[in-house]
file final09.pdb (PDB, C-alpha atoms)
ATOM      1  CA  MET A 129     159.888 226.218 -23.626
ATOM      2  CA  LEU A 130     163.554 225.505 -23.028
ATOM      3  CA  SER A 131     165.404 222.861 -21.055
ATOM      4  CA  GLN A 132     168.872 223.669 -19.772
ATOM      5  CA  PRO A 133     170.009 220.535 -17.910
ATOM      6  CA  LYS A 134     173.512 221.796 -17.067
ATOM      7  CA  GLU A 135     171.980 224.780 -15.273
ATOM      8  CA  LYS A 136     169.229 222.515 -13.871
ATOM      9  CA  ARG A 137     166.519 224.842 -15.072
ATOM     10  CA  SER A 138     163.732 225.172 -17.568
ATOM     11  CA  ALA A 139     162.542 228.465 -18.959
ATOM     12  CA  TYR A 140     160.831 230.181 -21.871
ATOM     13  CA  ALA A 141     162.368 231.957 -24.811
ATOM     14  CA  VAL A 142     160.263 235.102 -25.098
ATOM     15  CA  TRP A 143     160.465 237.401 -28.137
ATOM     16  CA  LYS A 144     160.501 241.068 -27.036
ATOM     17  CA  GLU A 145     161.560 244.205 -28.855
ATOM     18  CA  GLY A 146     163.245 242.410 -31.752
ATOM     19  CA  LYS A 147     165.228 239.867 -29.721
ATOM     20  CA  TYR A 148     164.671 236.866 -27.538
ATOM     21  CA  MET A 149     165.038 236.833 -23.789
ATOM     22  CA  ILE A 150     165.149 233.788 -21.543
ATOM     23  CA  GLU A 151     162.505 234.140 -18.835
ATOM     24  CA  PRO A 152     161.505 231.825 -15.956
ATOM     25  CA  SER A 153     157.819 232.528 -16.731
ATOM     26  CA  PHE A 154     155.672 234.880 -18.754
ATOM     27  CA  ARG A 155     152.280 236.533 -18.512
ATOM     28  CA  LEU A 156     149.558 235.091 -20.766
ATOM     29  CA  ALA A 157     146.902 237.502 -19.507
ATOM     30  CA  PRO A 158     146.695 240.069 -16.711
ATOM     31  CA  THR A 159     145.900 237.386 -14.140
ATOM     32  CA  ILE A 160     147.499 234.319 -15.766
ATOM     33  CA  ARG A 161     151.201 233.494 -15.666
ATOM     34  CA  ALA A 162     152.728 230.502 -17.513
ATOM     35  CA  PHE A 163     155.483 228.432 -15.921
ATOM     36  CA  PRO A 164     157.542 225.785 -17.742
ATOM     37  CA  TYR A 165     157.687 222.158 -16.726
ATOM     38  CA  SER A 166     160.228 221.483 -13.998
ATOM     39  CA  PRO A 167     163.640 220.272 -15.174
ATOM     40  CA  GLN A 168     163.073 217.398 -12.731
ATOM     41  CA  ASN A 169     160.005 216.230 -14.652
ATOM     42  CA  ASN A 170     160.755 212.571 -15.461
ATOM     43  CA  LEU A 171     159.787 213.003 -19.113
ATOM     44  CA  ILE A 172     162.294 215.823 -19.548
ATOM     45  CA  LYS A 173     164.981 214.452 -17.225
ATOM     46  CA  ASN A 174     164.971 211.045 -18.959
ATOM     47  CA  ASP A 175     164.904 212.486 -22.510
ATOM     48  CA  VAL A 176     161.461 211.127 -23.360
ATOM     49  CA  VAL A 177     160.544 214.670 -24.434
ATOM     50  CA  LEU A 178     163.373 216.770 -25.845
ATOM     51  CA  LEU A 179     163.220 220.542 -25.600
ATOM     52  CA  PRO A 180     165.593 223.051 -27.177
ATOM     53  CA  SER A 181     168.207 224.649 -24.913
ATOM     54  CA  GLU A 182     168.023 228.076 -26.558
ATOM     55  CA  PRO A 183     167.076 229.804 -29.806
ATOM     56  CA  GLU A 184     169.843 230.084 -32.365
ATOM     57  CA  GLU A 185     170.318 232.134 -35.514
ATOM     58  CA  TYR A 186     170.290 229.998 -38.629
ATOM     59  CA  GLY A 187     170.868 232.360 -41.550
ATOM     60  CA  SER A 188     168.553 231.821 -44.503
ATOM     61  CA  GLU A 189     165.896 229.123 -44.836
ATOM     62  CA  ALA A 190     168.037 227.517 -47.538
ATOM     63  CA  GLU A 191     171.007 227.343 -45.135
ATOM     64  CA  LEU A 192     168.824 225.875 -42.402
ATOM     65  CA  PHE A 193     167.472 223.244 -44.784
ATOM     66  CA  ALA A 194     171.006 222.408 -45.962
ATOM     67  CA  ASN A 195     172.214 222.023 -42.363
ATOM     68  CA  ILE A 196     169.319 219.728 -41.478
ATOM     69  CA  ARG A 197     169.875 217.631 -44.584
ATOM     70  CA  SER A 198     173.615 217.436 -43.918
ATOM     71  CA  PHE A 199     172.968 216.268 -40.342
ATOM     72  CA  ILE A 200     170.592 213.550 -41.555
ATOM     73  CA  HIS A 201     173.040 212.518 -44.293
ATOM     74  CA  ARG A 202     175.850 212.219 -41.744
ATOM     75  CA  TYR A 203     173.992 209.751 -39.518
ATOM     76  CA  VAL A 204     171.668 207.751 -41.786
ATOM     77  CA  ASP A 205     171.894 206.183 -45.207
ATOM     78  CA  VAL A 206     168.684 206.835 -47.130
ATOM     79  CA  SER A 207     167.950 207.827 -50.699
ATOM     80  CA  PRO A 208     168.443 211.501 -51.620
ATOM     81  CA  LEU A 209     164.691 211.861 -52.093
ATOM     82  CA  TYR A 210     163.881 210.481 -48.625
ATOM     83  CA  GLU A 211     166.654 212.618 -47.147
ATOM     84  CA  GLN A 212     164.976 215.661 -48.709
ATOM     85  CA  ILE A 213     161.512 214.616 -47.518
ATOM     86  CA  ALA A 214     162.793 214.023 -43.976
ATOM     87  CA  SER A 215     164.484 217.437 -43.947
ATOM     88  CA  TYR A 216     161.265 219.164 -44.985
ATOM     89  CA  TYR A 217     159.356 217.123 -42.401
ATOM     90  CA  VAL A 218     161.659 218.426 -39.649
ATOM     91  CA  LEU A 219     160.906 221.997 -40.728
ATOM     92  CA  LEU A 220     157.193 221.238 -40.952
ATOM     93  CA  SER A 221     157.163 219.918 -37.386
ATOM     94  CA  TRP A 222     158.297 223.341 -36.126
ATOM     95  CA  VAL A 223     155.324 225.140 -37.699
ATOM     96  CA  TYR A 224     152.710 222.393 -37.265
ATOM     97  CA  ASP A 225     150.281 224.690 -35.459
ATOM     98  CA  ARG A 226     149.795 226.734 -38.650
ATOM     99  CA  PHE A 227     148.078 223.798 -40.406
ATOM    100  CA  ASN A 228     144.787 221.974 -39.977
ATOM    101  CA  GLU A 229     146.129 218.557 -40.981
ATOM    102  CA  LEU A 230     149.607 217.109 -41.138
ATOM    103  CA  PRO A 231     151.079 214.041 -42.786
ATOM    104  CA  TYR A 232     153.004 211.361 -40.949
ATOM    105  CA  LEU A 233     156.476 210.226 -41.832
ATOM    106  CA  ARG A 234     156.538 206.429 -41.748
ATOM    107  CA  LEU A 235     159.451 204.051 -42.111
ATOM    108  CA  ARG A 236     159.227 200.457 -43.215
ATOM    109  CA  GLY A 237     162.069 198.046 -43.654
ATOM    110  CA  ASP A 238     163.664 194.792 -42.686
ATOM    111  CA  PRO A 239     165.134 194.293 -39.209
ATOM    112  CA  GLY A 240     168.565 195.893 -39.007
ATOM    113  CA  SER A 241     167.908 198.301 -41.878
ATOM    114  CA  GLY A 242     168.399 201.439 -39.744
ATOM    115  CA  LYS A 243     164.824 202.461 -38.929
ATOM    116  CA  THR A 244     165.578 203.194 -35.266
ATOM    117  CA  ARG A 245     168.704 205.172 -36.126
ATOM    118  CA  PHE A 246     166.668 207.205 -38.620
ATOM    119  CA  LEU A 247     163.982 207.887 -35.984
ATOM    120  CA  LEU A 248     166.568 209.013 -33.436
ATOM    121  CA  THR A 249     168.374 211.217 -35.953
ATOM    122  CA  VAL A 250     165.382 212.867 -37.605
ATOM    123  CA  GLY A 251     163.250 212.805 -34.462
ATOM    124  CA  SER A 252     165.864 214.672 -32.449
ATOM    125  CA  LEU A 253     165.576 217.573 -34.917
ATOM    126  CA  CYS A 254     161.768 217.743 -34.848
ATOM    127  CA  TYR A 255     159.753 220.089 -32.658
ATOM    128  CA  LYS A 256     159.557 218.792 -29.069
ATOM    129  CA  PRO A 257     160.118 215.144 -30.002
ATOM    130  CA  ILE A 258     158.335 212.637 -27.782
ATOM    131  CA  PHE A 259     160.118 209.285 -28.027
ATOM    132  CA  ALA A 260     158.037 206.175 -27.412
ATOM    133  CA  SER A 261     158.596 202.518 -28.149
ATOM    134  CA  GLY A 262     155.893 200.962 -26.086
ATOM    135  CA  ALA A 263     153.580 201.344 -23.151
ATOM    136  CA  SER A 264     151.401 198.958 -21.232
ATOM    137  CA  THR A 265     148.448 201.138 -22.248
ATOM    138  CA  VAL A 266     148.046 204.079 -24.586
ATOM    139  CA  SER A 267     146.948 206.423 -21.770
ATOM    140  CA  PRO A 268     150.483 207.764 -21.248
ATOM    141  CA  LEU A 269     150.718 208.616 -24.953
ATOM    142  CA  PHE A 270     147.446 210.556 -24.815
ATOM    143  CA  ARG A 271     148.589 212.466 -21.732
ATOM    144  CA  ILE A 272     152.075 213.282 -23.014
ATOM    145  CA  ILE A 273     150.809 214.414 -26.424
ATOM    146  CA  ASP A 274     148.176 216.581 -24.734
ATOM    147  CA  ALA A 275     150.666 218.080 -22.281
ATOM    148  CA  PHE A 276     153.599 218.793 -24.596
ATOM    149  CA  ARG A 277     152.022 219.117 -28.067
ATOM    150  CA  GLY A 278     155.190 217.842 -29.684
ATOM    151  CA  THR A 279     156.178 215.373 -32.392
ATOM    152  CA  LEU A 280     155.414 211.761 -31.464
ATOM    153  CA  ILE A 281     158.226 209.412 -32.535
ATOM    154  CA  ILE A 282     157.135 205.762 -32.256
ATOM    155  CA  ASP A 283     159.747 203.040 -32.648
ATOM    156  CA  GLU A 284     158.679 199.461 -33.305
ATOM    157  CA  GLY A 285     155.201 200.742 -34.065
ATOM    158  CA  ASP A 286     153.780 197.479 -35.367
ATOM    159  CA  PHE A 287     150.393 197.467 -33.674
ATOM    160  CA  ARG A 288     148.657 194.910 -35.874
ATOM    161  CA  LEU A 289     148.583 192.238 -33.180
ATOM    162  CA  SER A 290     148.263 194.576 -30.197
ATOM    163  CA  ASP A 291     145.241 194.874 -27.930
ATOM    164  CA  GLU A 292     145.901 198.602 -28.016
ATOM    165  CA  HIS A 293     145.517 198.646 -31.817
ATOM    166  CA  ALA A 294     142.219 200.520 -31.826
ATOM    167  CA  ASP A 295     143.480 203.243 -29.480
ATOM    168  CA  ILE A 296     146.751 203.716 -31.357
ATOM    169  CA  VAL A 297     144.836 203.979 -34.623
ATOM    170  CA  LYS A 298     142.670 206.689 -33.039
ATOM    171  CA  ILE A 299     145.779 208.651 -32.094
ATOM    172  CA  LEU A 300     147.231 208.248 -35.574
ATOM    173  CA  ASN A 301     143.996 208.975 -37.452
ATOM    174  CA  ASN A 302     142.793 211.895 -35.363
ATOM    175  CA  GLY A 303     146.001 213.111 -33.787
ATOM    176  CA  ASN A 304     147.001 214.912 -36.968
ATOM    177  CA  ALA A 305     143.795 216.900 -37.529
ATOM    178  CA  LYS A 306     143.070 220.133 -35.691
ATOM    179  CA  GLY A 307     139.619 220.273 -34.136
ATOM    180  CA  PHE A 308     139.093 216.510 -33.908
ATOM    181  CA  PRO A 309     140.608 215.443 -30.587
ATOM    182  CA  VAL A 310     140.527 211.884 -29.330
ATOM    183  CA  LEU A 311     138.357 212.083 -26.227
ATOM    184  CA  ARG A 312     139.141 209.891 -23.261
ATOM    185  CA  SER A 313     137.746 209.575 -19.791
ATOM    186  CA  GLU A 314     139.835 209.036 -16.703
ATOM    187  CA  ALA A 315     138.960 207.186 -13.552
ATOM    188  CA  SER A 316     139.115 209.295 -10.437
ATOM    189  CA  LYS A 317     139.016 208.384  -6.795
ATOM    190  CA  THR A 318     135.766 209.234  -5.057
ATOM    191  CA  ARG A 319     135.562 209.973  -1.403
TER
END

call {"tool": "encode", "arguments": {"input": "final09.pdb", "output": "structure tokens"}}
result
Amino acid sequence: MLSQPKEKRSAYAVWKEGKYMIEPSFRLAPTIRAFPYSPQNNLIKNDVVLLPSEPEEYGSEAELFANIRSFIHRYVDVSPLYEQIASYYVLLSWVYDRFNELPYLRLRGDPGSGKTRFLLTVGSLCYKPIFASGASTVSPLFRIIDAFRGTLIIDEGDFRLSDEHADIVKILNNGNAKGFPVLRSEASKTR
């Protein structure tokens, strides 16, 4: 799925005959057609969920890794080892659906140490980053993760004293394992 805000459109990049084509929709099955989220969707319009604007050639995997690492190095000051780990994590986020379990990348540090800047820098490179720093309940997080299937980036994620602690822990413990969804029920209006 692509977001092209200047053109005020969203679309799909579809691989056909050895090249990609930008399509407004595509057929999943003979009777099922997929349509992207509207560019007016508040989550997309307000940069809560970031989508790529188009596919781009990157050369070799080594060049791609070097470019990611260089971008991270330009905007954040972390150890070379953590810079390398973060670069690999970005790549991992783009192929997450090929794995049964995934690790989390967690930052800890004193106030003012650059954690938020790191999250914005590295998170913006991850697959469909979903930026969150708080919600009155965790229901929106469940819905957004389910809808977009992206990389959840949580800033100020200290939930130790939160009433939502148990629900956040469920997302974090089960949200990284394929086949073990966190089940929730929703209230619905009855007539």

call {"tool": "resolve_selection", "arguments": {"input": "final09.pdb", "expression": "the PyMOL selection byres ((chain A and resi 221) around 10)", "output": "list in words"}}
result
Tyr216, Tyr217, Val218, Leu219, Leu220, Trp222, Val223, Tyr224, Asp225, Leu230, Gly251, Leu253, Cys254, Tyr255, Lys256, Pro257, Gly278 and Thr279 of chain A

call {"tool": "write_last_selection", "arguments": {"input": "final09.pdb", "atoms": "C-alpha atoms", "output": "CSV table (one decimal), in the coordinates of the input"}}
result
chain,number,residue,atom,x,y,z
A,216,TYR,CA,161.3,219.2,-45.0
A,217,TYR,CA,159.4,217.1,-42.4
A,218,VAL,CA,161.7,218.4,-39.6
A,219,LEU,CA,160.9,222.0,-40.7
A,220,LEU,CA,157.2,221.2,-41.0
A,222,TRP,CA,158.3,223.3,-36.1
A,223,VAL,CA,155.3,225.1,-37.7
A,224,TYR,CA,152.7,222.4,-37.3
A,225,ASP,CA,150.3,224.7,-35.5
A,230,LEU,CA,149.6,217.1,-41.1
A,251,GLY,CA,163.2,212.8,-34.5
A,253,LEU,CA,165.6,217.6,-34.9
A,254,CYS,CA,161.8,217.7,-34.8
A,255,TYR,CA,159.8,220.1,-32.7
A,256,LYS,CA,159.6,218.8,-29.1
A,257,PRO,CA,160.1,215.1,-30.0
A,278,GLY,CA,155.2,217.8,-29.7
A,279,THR,CA,156.2,215.4,-32.4

call {"tool": "residues_around", "arguments": {"input": "final09.pdb", "residues": "region 212-214 of chain A", "least_positions_apart": "5", "cutoff": "8 Å", "atoms": "all atoms listed in the file", "output": "PyMOL selection string"}}
result
chain A and resi 197+233+250

call {"tool": "write_last_selection", "arguments": {"input": "final09.pdb", "atoms": "C-alpha atoms", "output": "PDB file, keeping the file's coordinate frame"}}
result
ATOM      1  CA  ARG A 197     169.875 217.631 -44.584  1.00  0.00           C
ATOM      2  CA  LEU A 233     156.476 210.226 -41.832  1.00  0.00           C
ATOM      3  CA  VAL A 250     165.382 212.867 -37.605  1.00  0.00           C
TER       4      VAL A 250
END

call {"tool": "atom_distance", "arguments": {"input": "final09.pdb", "atom1": "CA of Ser188 (chain A)", "atom2": "CA of Ser215 (chain A)"}}
result
15.0 Å

call {"tool": "resolve_selection", "arguments": {"input": "final09.pdb", "expression": "the PyMOL selection byres ((chain A and resi 172) around 12)", "output": "CSV table (one decimal) with C-alpha atoms, keeping the file's coordinate frame"}}
result
chain,number,residue,atom,x,y,z
A,129,MET,CA,159.9,226.2,-23.6
A,130,LEU,CA,163.6,225.5,-23.0
A,131,SER,CA,165.4,222.9,-21.1
A,132,GLN,CA,168.9,223.7,-19.8
A,133,PRO,CA,170.0,220.5,-17.9
A,136,LYS,CA,169.2,222.5,-13.9
A,137,ARG,CA,166.5,224.8,-15.1
A,138,SER,CA,163.7,225.2,-17.6
A,164,PRO,CA,157.5,225.8,-17.7
A,165,TYR,CA,157.7,222.2,-16.7
A,166,SER,CA,160.2,221.5,-14.0
A,167,PRO,CA,163.6,220.3,-15.2
A,168,GLN,CA,163.1,217.4,-12.7
A,169,ASN,CA,160.0,216.2,-14.7
A,170,ASN,CA,160.8,212.6,-15.5
A,171,LEU,CA,159.8,213.0,-19.1
A,173,LYS,CA,165.0,214.5,-17.2
A,174,ASN,CA,165.0,211.0,-19.0
A,175,ASP,CA,164.9,212.5,-22.5
A,176,VAL,CA,161.5,211.1,-23.4
A,177,VAL,CA,160.5,214.7,-24.4
A,178,LEU,CA,163.4,216.8,-25.8
A,179,LEU,CA,163.2,220.5,-25.6
A,180,PRO,CA,165.6,223.1,-27.2
A,181,SER,CA,168.2,224.6,-24.9
A,256,LYS,CA,159.6,218.8,-29.1
A,257,PRO,CA,160.1,215.1,-30.0
A,258,ILE,CA,158.3,212.6,-27.8
A,259,PHE,CA,160.1,209.3,-28.0
A,272,ILE,CA,152.1,213.3,-23.0
A,276,PHE,CA,153.6,218.8,-24.6

call {"tool": "atom_distance", "arguments": {"input": "final09.pdb", "atom1": "CA of Gly187 (chain A)", "atom2": "CA of Ala141 (chain A)"}}
result
18.8 Å

call {"tool": "closest_residue", "arguments": {"input": "final09.pdb", "among": "A:Ser261, A:Thr244, A:Ser252, A:Thr159", "to": "Ile196 (chain A)", "atoms": "all atoms listed in the file"}}
result
A:Ser252

call {"tool": "closest_residue", "arguments": {"input": "final09.pdb", "among": "A:Lys243, A:Leu209, A:Glu182, A:Pro268", "to": "Ile150 (chain A)", "atoms": "all atoms listed in the file"}}
result
A:Glu182

call {"tool": "residues_around", "arguments": {"input": "final09.pdb", "residues": "Trp143 (chain A)", "least_positions_apart": "5", "cutoff": "12 Å", "atoms": "all atoms listed in the file", "output": "PyMOL selection string"}}
result
chain A and resi 148-151+154+183

call {"tool": "atom_distance", "arguments": {"input": "final09.pdb", "atom1": "CA of Val266 (chain A)", "atom2": "CA of Ser241 (chain A)"}}
result
27.0 Å

call {"tool": "closest_residue", "arguments": {"input": "final09.pdb", "among": "A:Leu248, A:Ser267, A:Ser207, A:Asn228", "to": "Ile281 (chain A)", "atoms": "only C-alpha atoms"}}
result
A:Leu248

call {"tool": "decode", "arguments": {"input": "final09.pdb", "residues": "region 195-222 of chain A", "atoms": "N, CA and C atoms", "output": "compact mmCIF listing (two decimals), in the first residue's frame"}}
result
# COMPACT_ATOMS: atom_id res chain seq x y z
N ASN A 195 23.06 2.36 3.60
CA ASN A 195 22.25 3.58 3.54
C ASN A 195 21.39 3.75 4.79
N ILE A 196 20.81 2.66 5.26
CA ILE A 196 20.01 2.72 6.48
C ILE A 196 20.88 3.12 7.66
N ARG A 197 22.02 2.48 7.78
CA ARG A 197 22.93 2.77 8.89
C ARG A 197 23.43 4.22 8.83
N SER A 198 23.73 4.70 7.66
CA SER A 198 24.17 6.08 7.48
C SER A 198 23.08 7.07 7.89
N PHE A 199 21.83 6.76 7.53
CA PHE A 199 20.71 7.62 7.91
C PHE A 199 20.58 7.67 9.43
N ILE A 200 20.63 6.51 10.07
CA ILE A 200 20.54 6.46 11.53
C ILE A 200 21.70 7.23 12.15
N HIS A 201 22.90 7.01 11.64
CA HIS A 201 24.09 7.68 12.18
C HIS A 201 23.99 9.20 12.06
N ARG A 202 23.37 9.66 10.99
CA ARG A 202 23.23 11.11 10.76
C ARG A 202 22.34 11.78 11.80
N TYR A 203 21.33 11.07 12.28
CA TYR A 203 20.32 11.71 13.14
C TYR A 203 20.36 11.31 14.61
N VAL A 204 21.04 10.23 14.95
CA VAL A 204 21.11 9.82 16.35
C VAL A 204 22.52 9.41 16.72
N ASP A 205 22.84 9.59 17.99
CA ASP A 205 24.17 9.24 18.49
C ASP A 205 24.03 8.02 19.39
N VAL A 206 24.30 6.86 18.83
CA VAL A 206 24.29 5.61 19.59
C VAL A 206 25.59 4.87 19.29
N SER A 207 25.85 3.85 20.06
CA SER A 207 27.07 3.07 19.85
C SER A 207 27.02 2.40 18.47
N PRO A 208 28.19 2.10 17.89
CA PRO A 208 28.21 1.41 16.60
C PRO A 208 27.45 0.09 16.62
N LEU A 209 27.52 -0.63 17.73
CA LEU A 209 26.80 -1.90 17.82
C LEU A 209 25.29 -1.67 17.77
N TYR A 210 24.79 -0.69 18.52
CA TYR A 210 23.34 -0.44 18.53
C TYR A 210 22.89 0.14 17.19
N GLU A 211 23.75 0.90 16.55
CA GLU A 211 23.47 1.41 15.21
C GLU A 211 23.29 0.24 14.24
N GLN A 212 24.16 -0.76 14.36
CA GLN A 212 24.09 -1.94 13.51
C GLN A 212 22.82 -2.74 13.81
N ILE A 213 22.53 -2.94 15.09
CA ILE A 213 21.33 -3.68 15.48
C ILE A 213 20.08 -2.98 14.97
N ALA A 214 20.02 -1.67 15.12
CA ALA A 214 18.85 -0.90 14.67
C ALA A 214 18.69 -1.00 13.15
N SER A 215 19.79 -0.99 12.43
CA SER A 215 19.74 -1.10 10.97
C SER A 215 19.19 -2.46 10.55
N TYR A 216 19.65 -3.51 11.21
CA TYR A 216 19.12 -4.85 10.90
C TYR A 216 17.65 -4.94 11.31
N TYR A 217 17.28 -4.29 12.39
CA TYR A 217 15.88 -4.32 12.83
C TYR A 217 14.97 -3.69 11.79
N VAL A 218 15.41 -2.58 11.20
CA VAL A 218 14.64 -1.93 10.13
C VAL A 218 14.40 -2.93 9.00
N LEU A 219 15.45 -3.60 8.56
CA LEU A 219 15.30 -4.59 7.49
C LEU A 219 14.37 -5.73 7.90
N LEU A 220 14.52 -6.19 9.13
CA LEU A 220 13.67 -7.26 9.64
C LEU A 220 12.19 -6.86 9.61
N SER A 221 11.90 -5.61 9.93
CA SER A 221 10.51 -5.17 9.97
C SER A 221 9.83 -5.28 8.60
N TRP A 222 10.61 -5.21 7.53
CA TRP A 222 10.05 -5.28 6.18
C TRP A 222 9.76 -6.71 5.73
